[in-house]
Structures are given as C-alpha cells and as structure tokens.
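Asks: Let me begin by handing over the structure; questions about it come next.
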Amino acid sequence: MSEKYSGMPMRFAHTGVTQYAPENTLEAFKKAAELGCEGIELDINNCGDGEIIVTHNSNLGYMTFDKHLDSLKDMTAEQVKQFDIPYRNALKLHNPPVPWTEHLGGRRVQLPDGDLEDRVTHLITFPEFDKWLSTVDYDLTVEVEFKCTGMCDRMDEILASSDNVSQYIFFSGDMDVLNEMQEHYRAKGKPEGLRLGANIRLINDETMAFVKNADLYEVGLNNEAFTKEDVDMLAEMGIKVFSNLGDYVEWWAQLAPMGVTGFKTNYPQAYIEWWSSTQK
C-alpha cells in the first residue's frame with residue numbers, strides 16, 4: 001500500500017469479517033479488529049430470560065442451518081450458547097460480487113467439494129461482546145442493530161458497568177424499535193457518550209418526519225438511493241450518513257466525494273485493496 005488508509009469513510013465490517021468466521025460471532029469481530037476496521041456492525045436479539053444475544057434472527061435456524069429450531073424467546077441465553085454454529089457453508093466469498101448479485105438474498109457460499117470444514121463456534125451475549133471490546137487497543141466504533149423491541153432496560157444495565165459507551169451507536173431498521181428507543185432515552189436520558197442512529201434506507205416524507213423529531217447521530221441509507229445533496233442536507237441538521245452495503249467498485253468510488261461518513265461492507269479487505277490501487 002502506497003499510503004495508509006485515512007479512515008474516511010469509516011469501514012464498518014458488516015457482522016464482522018465473514019470470510020473468516022460465521023457472521024455475528026466473536027471470531028468474526030476479532031478479525032475486524034485485527035484488520036484495523038474503523039467500525040463493526042452487529043445485530044442483537046432477546047432471549048427468553050431477558051438476556052441479549054448477538055445474532056441477526058429470532059431463531060437459531062439461521063445460524064445452524066436447521067430451520068425448525070425454536071425461537072430464542074423459548075430459550076435462556078445459556079441454552080442458546082450451547083448450540084454449535086458451523087463454519088461450513090457460512091463463509092462469504094473473499095471478493096465482492098457484481099452489483100446485481102448482492103441483492104439476491106443468498107448469504108452463504110458452498111465450500112468446494114472435498115473441502116472438509118468441521119470447525120464450529122458459538123453465539124455470545126452482548127455483555128460478553130462488551131467485555132471483549134474493552135480488550136481492543138483502539139477506539140473501534142460499534143453499530144448495534146436492535147432487531148426487536150424490549151431490550152432498552154437490559155441495555156441500560158449493561159451500559160451502567162461498561163467502559164465502552166462512547167464507542168456504541170444504537171440503531172434499528174424497524175420503526176417500532178426506533179420509536180421505542182427514542183422514547184426510552186427521551187424519558188430516561190442517554191448514558192453519556194451513547195449515540196443513536198436509524199436505518200431509514202430511503203429519504204421520503206415519512207422517514208424525514210421521523211428524522212426531524214429524533215435524536216440522531218447518523219442515518220443509514222441504501223446505496224444509490226441518495227445523493228451528495230441529501231448528505232449535505234442531513235449534515236446541516238447535524239446528522240451523518242452511513243451507506244448500507246453497496247459492495248462494488250462503482251459505489252465505493254462515490255462514497256468519499258459525497259461526504260459519506262461510514263459504510264457497511266461485507267468485504268473490508270477487498271475495499272482496502274481497491275483503495276490502495278487508486279493511490280498508485
């Protein structure tokens with residue numbers, strides 16, 4: 001690399017670096033920190049005992065490849081953590097796909113025949129993630145996507161003993177969750193340093209009505225669904241823009257000129273390789 005990456009726009013490793021470990025697992029997050037990503041994005045859900053688990057879906061089938069497993073709400077966090085999360089078929093391609101394939105919904109890549117991958121890992125609770133974050137030797141920013149309602153009170157308990165509050169951005173793409181989050185912190189006050197976001201995806205009358213009445217550090221917008229003028233408009237409101245994925249060179253090239261602060265990516269290494277090639 002001819003120059004060191006400036007850190008802008010910030011690279012948020014989407015659910016960790018999933019070329020190396022299943023998404024939303026500690027191993028995927030550790031790789032993001034090892035690669036020096038400016039941020040990571042993770043998902044959280046609620047277990048039946050009220051503990052918060054780091055995972056995208058409300059059932060374990062998504063991670064274990066068994067769609068008939070019970071809901072997280074029928075299990076305690078300790079029960080959830082006992083299930084093996086296989087690496088096999090869970091790792092993404094090392095290089096980004098062409099743009100149209102990114103939206104097909106396929107999240108996993110079949111390993112070649114004869115490639116025996118028998119490693120497994122396990123899900124972690126958010127307190128366990130918070131404990132790990134304290135060991136990272138730089139200020140890694142973490143976008144925490146709330147996937148269901150009913151987690152704010154437990155999060156208050158976790159943050160009360162956390163040294164990492166200022167590294168977190170709490171957000172959601174679910175309007176019910178966003179409204180609950182805004183109402184909760186409006187009533188109780190935010191822990192010092194905590195930032196809030198909203199994945200509004202598109203700018204329209206409904207989403208802007210929410211934005212104008214919310215306490216927001218950033219909004220997430222879909223790739224190619226916004227312009228520099230939109231970024232400038234939100235900047236005048238004191239709100240930063242994060243791009244939702246858009247993992248292809250043509251979009252990456254637009255991020256910095258538009259003034260985007262950060263972007264979610266499934267391919268942080270490929271991005272740096274591309275960026276480095278533009279510096280020569």
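Naming scheme: A, B, ... for chains in displayed order of the structure tokens; residues 1 onward per chain; ligands 1 onward as shown.
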Give me every helix (DSSP H, G or I) residue in range 35-255 of chain A, going by DSSP on the backbone, as a VMD selection string.
Replies: chain A and resid 61 to 64 72 to 74 77 to 80 99 to 103 126 to 133 152 to 160 165 to 167 175 to 188 205 to 212 228 to 236 249 to 255
Asks: Do you know which residues are at most 9 Å from Gly246 in chain A counting only C-alpha atoms, after dropping those on the same chain fewer than 3 positions away, and could you put them as a VMD selection string?
Replies: chain A and resid 99 102 222 to 224 243 249 to 252 263 to 265
Asks: Write out as a list of chain:residue names the set of residues from range 97-256 of chain A that DSSP, computed on the backbone, places in strand (DSSP E).
Replies: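 DSSP on the backbone gives strand (DSSP E) at A:Val120, A:Thr121, A:Thr141, A:Val142, A:Glu143, A:Val144, A:Glu145, A:Phe146, A:Tyr168, A:Ile169, A:Phe170, A:Phe171, A:Arg195, A:Leu196, A:Gly197, A:Ala198, A:Asn199, A:Ile200, A:Arg201, A:Glu218, A:Val219, A:Gly220, A:Leu221, A:Asn222, A:Lys240, A:Val241, A:Phe242, A:Ser243, A:Asn244.
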Asks: Keeping only N, CA, C and O atoms, write the selected residues to a file as a compact mmCIF listing (two decimals), in the first residue's frame.
Replies:
# COMPACT_ATOMS: atom_id res chain seq x y z
N VAL A 120 -16.55 -25.30 14.42
CA VAL A 120 -17.79 -24.70 14.90
C VAL A 120 -17.43 -23.60 15.89
O VAL A 120 -16.33 -23.56 16.44
N THR A 121 -18.38 -22.70 16.10
CA THR A 121 -18.23 -21.69 17.13
C THR A 121 -19.57 -21.58 17.86
O THR A 121 -20.44 -22.45 17.69
N THR A 141 -15.44 1.68 16.67
CA THR A 141 -16.83 2.11 16.74
C THR A 141 -17.74 0.93 16.42
O THR A 141 -17.46 0.16 15.50
N VAL A 142 -18.82 0.80 17.17
CA VAL A 142 -19.71 -0.36 17.01
C VAL A 142 -21.14 0.09 16.79
O VAL A 142 -21.74 0.74 17.65
N GLU A 143 -21.67 -0.24 15.62
CA GLU A 143 -23.10 -0.05 15.35
C GLU A 143 -23.84 -1.28 15.86
O GLU A 143 -23.55 -2.40 15.43
N VAL A 144 -24.78 -1.07 16.76
CA VAL A 144 -25.53 -2.16 17.36
C VAL A 144 -26.96 -2.09 16.85
O VAL A 144 -27.70 -1.17 17.20
N GLU A 145 -27.34 -3.05 16.00
CA GLU A 145 -28.69 -3.03 15.43
C GLU A 145 -29.65 -3.84 16.29
O GLU A 145 -29.52 -5.06 16.41
N PHE A 146 -30.62 -3.14 16.88
CA PHE A 146 -31.66 -3.79 17.67
C PHE A 146 -32.65 -4.44 16.70
O PHE A 146 -33.29 -3.75 15.91
N TYR A 168 -20.34 3.09 21.13
CA TYR A 168 -21.55 2.47 20.60
C TYR A 168 -22.46 3.46 19.88
O TYR A 168 -22.62 4.61 20.30
N ILE A 169 -23.06 2.97 18.79
CA ILE A 169 -24.17 3.65 18.12
C ILE A 169 -25.32 2.64 18.13
O ILE A 169 -25.22 1.59 17.49
N PHE A 170 -26.39 2.94 18.85
CA PHE A 170 -27.56 2.06 18.87
C PHE A 170 -28.51 2.48 17.76
O PHE A 170 -28.85 3.66 17.64
N PHE A 171 -28.98 1.52 16.97
CA PHE A 171 -29.87 1.86 15.87
C PHE A 171 -30.76 0.68 15.53
O PHE A 171 -30.60 -0.42 16.08
N ARG A 195 -24.53 7.18 21.29
CA ARG A 195 -25.09 7.81 20.08
C ARG A 195 -26.20 6.92 19.53
O ARG A 195 -26.14 5.70 19.65
N LEU A 196 -27.17 7.56 18.89
CA LEU A 196 -28.30 6.85 18.31
C LEU A 196 -28.32 7.03 16.80
O LEU A 196 -27.95 8.09 16.29
N GLY A 197 -28.76 6.00 16.10
CA GLY A 197 -28.88 6.07 14.65
C GLY A 197 -30.21 5.50 14.21
O GLY A 197 -31.02 5.04 15.03
N ALA A 198 -30.45 5.54 12.90
CA ALA A 198 -31.68 4.98 12.33
C ALA A 198 -31.40 4.56 10.91
O ALA A 198 -30.93 5.37 10.10
N ASN A 199 -31.69 3.32 10.61
CA ASN A 199 -31.55 2.85 9.23
C ASN A 199 -32.85 3.15 8.50
O ASN A 199 -33.75 2.31 8.42
N ILE A 200 -32.95 4.38 7.96
CA ILE A 200 -34.20 4.78 7.31
C ILE A 200 -34.24 4.33 5.85
O ILE A 200 -35.28 4.38 5.21
N ARG A 201 -33.10 3.95 5.29
CA ARG A 201 -32.96 3.36 3.95
C ARG A 201 -33.21 4.35 2.81
O ARG A 201 -32.41 4.45 1.89
N GLU A 218 -26.58 9.53 13.31
CA GLU A 218 -26.43 9.12 11.91
C GLU A 218 -27.69 8.45 11.41
O GLU A 218 -28.51 7.97 12.19
N VAL A 219 -27.81 8.42 10.07
CA VAL A 219 -28.85 7.63 9.43
C VAL A 219 -28.20 6.72 8.40
O VAL A 219 -27.19 7.07 7.78
N GLY A 220 -28.79 5.54 8.24
CA GLY A 220 -28.36 4.62 7.20
C GLY A 220 -29.24 4.78 5.98
O GLY A 220 -30.47 4.84 6.09
N LEU A 221 -28.60 4.86 4.81
CA LEU A 221 -29.33 4.99 3.55
C LEU A 221 -28.82 3.94 2.57
O LEU A 221 -27.63 3.63 2.53
N ASN A 222 -29.74 3.40 1.79
CA ASN A 222 -29.37 2.37 0.83
C ASN A 222 -28.43 2.92 -0.24
O ASN A 222 -28.56 4.08 -0.67
N LYS A 240 -25.01 12.52 10.34
CA LYS A 240 -24.09 11.91 9.39
C LYS A 240 -24.80 10.80 8.61
O LYS A 240 -25.80 10.25 9.07
N VAL A 241 -24.25 10.47 7.44
CA VAL A 241 -24.83 9.43 6.59
C VAL A 241 -23.90 8.23 6.53
O VAL A 241 -22.70 8.38 6.29
N PHE A 242 -24.47 7.05 6.78
CA PHE A 242 -23.77 5.79 6.59
C PHE A 242 -24.46 5.05 5.45
O PHE A 242 -25.68 5.00 5.39
N SER A 243 -23.68 4.49 4.56
CA SER A 243 -24.24 3.75 3.42
C SER A 243 -24.49 2.30 3.81
O SER A 243 -23.65 1.66 4.47
N ASN A 244 -25.62 1.78 3.36
CA ASN A 244 -25.92 0.36 3.54
C ASN A 244 -25.27 -0.45 2.42
O ASN A 244 -25.70 -0.42 1.28
Asks: Got a sec: who's within 9 Å of range 43-51 of chain A, counting only C-alpha atoms, leaving out chain neighbours fewer than 2 positions off, as a ChimeraX atom specification?
Replies: /A:15,24,41,53-58,71-77,80,125-127,143-151,154
Asks: Mind giving me the straight-line distance from CA of Pro97 in chain A to CA of Val231 in chain A in Å, one decimal?
Replies: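 Straight-line distance from CA of Pro97 in chain A to CA of Val231 in chain A works out to 26.4 Å.
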Asks: Which residue out of A:Asn95, A:Gly238, A:Asp156, A:Val17 has the minimum interatomic distance to Trp274 in chain A when only C-alpha atoms are used?
Replies: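 Closest to Trp274 in chain A, using only C-alpha atoms: A:Asn95.
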Asks: Could you check the closest approach to Asp230 in chain A for each of A:Asn204, A:Leu216, A:Lys30, A:Cys37 and tell me which residue wins, using only C-alpha atoms?
Replies: A:Asn204
Asks: Tell me which of A:Glu78, A:Asp130, A:Glu38, A:Ile272 sits closest to Ser161 in chain A, counting only C-alpha atoms.
Replies: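 Looking only at the distances to Ser161 in chain A, the closest residue turns out to be A:Asp130.
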Asks: Rounded to one decimal place, report the CA of Tyr20 in chain A-CA of Ala90 in chain A distance in Å.
Replies: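 These two atoms are separated by 9.4 Å.
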Asks: Which residue out of A:Glu3, A:Leu202, A:Lys212, A:Asn59 has the minimum interatomic distance to Glu236 in chain A when only C-alpha atoms are used?
Replies: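 The answer is A:Lys212, which sits nearest to Glu236 in chain A.
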Asks: Quick one: of A:Pro96, A:Pro9, A:Pro86, A:Gly39, who's nearest to Gln269 in chain A, counting only C-alpha atoms?
Replies: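 When distances to Gln269 in chain A are compared using only C-alpha atoms, the smallest one comes from A:Pro96.
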Asks: Which one of A:Ser172, A:Leu35, A:Ile239, A:Asn179 sits closest to Tyr5 in chain A if you count only C-alpha atoms?
Replies: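 Among the listed residues, A:Leu35 lies closest to Tyr5 in chain A.
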Asks: Need the shell around Phe65 in chain A: protein/DNA/RNA residues with any atom at most 10 Å away, counting only C-alpha atoms. Skip same-chain ones fewer than 2 positions apart. Format as a list in words?
Replies: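 The filter keeps Leu60, Gly61, Tyr62, Met63, Lys67, His68, Leu69, Ile85, Pro86, Asn89 and Ala90 of chain A.
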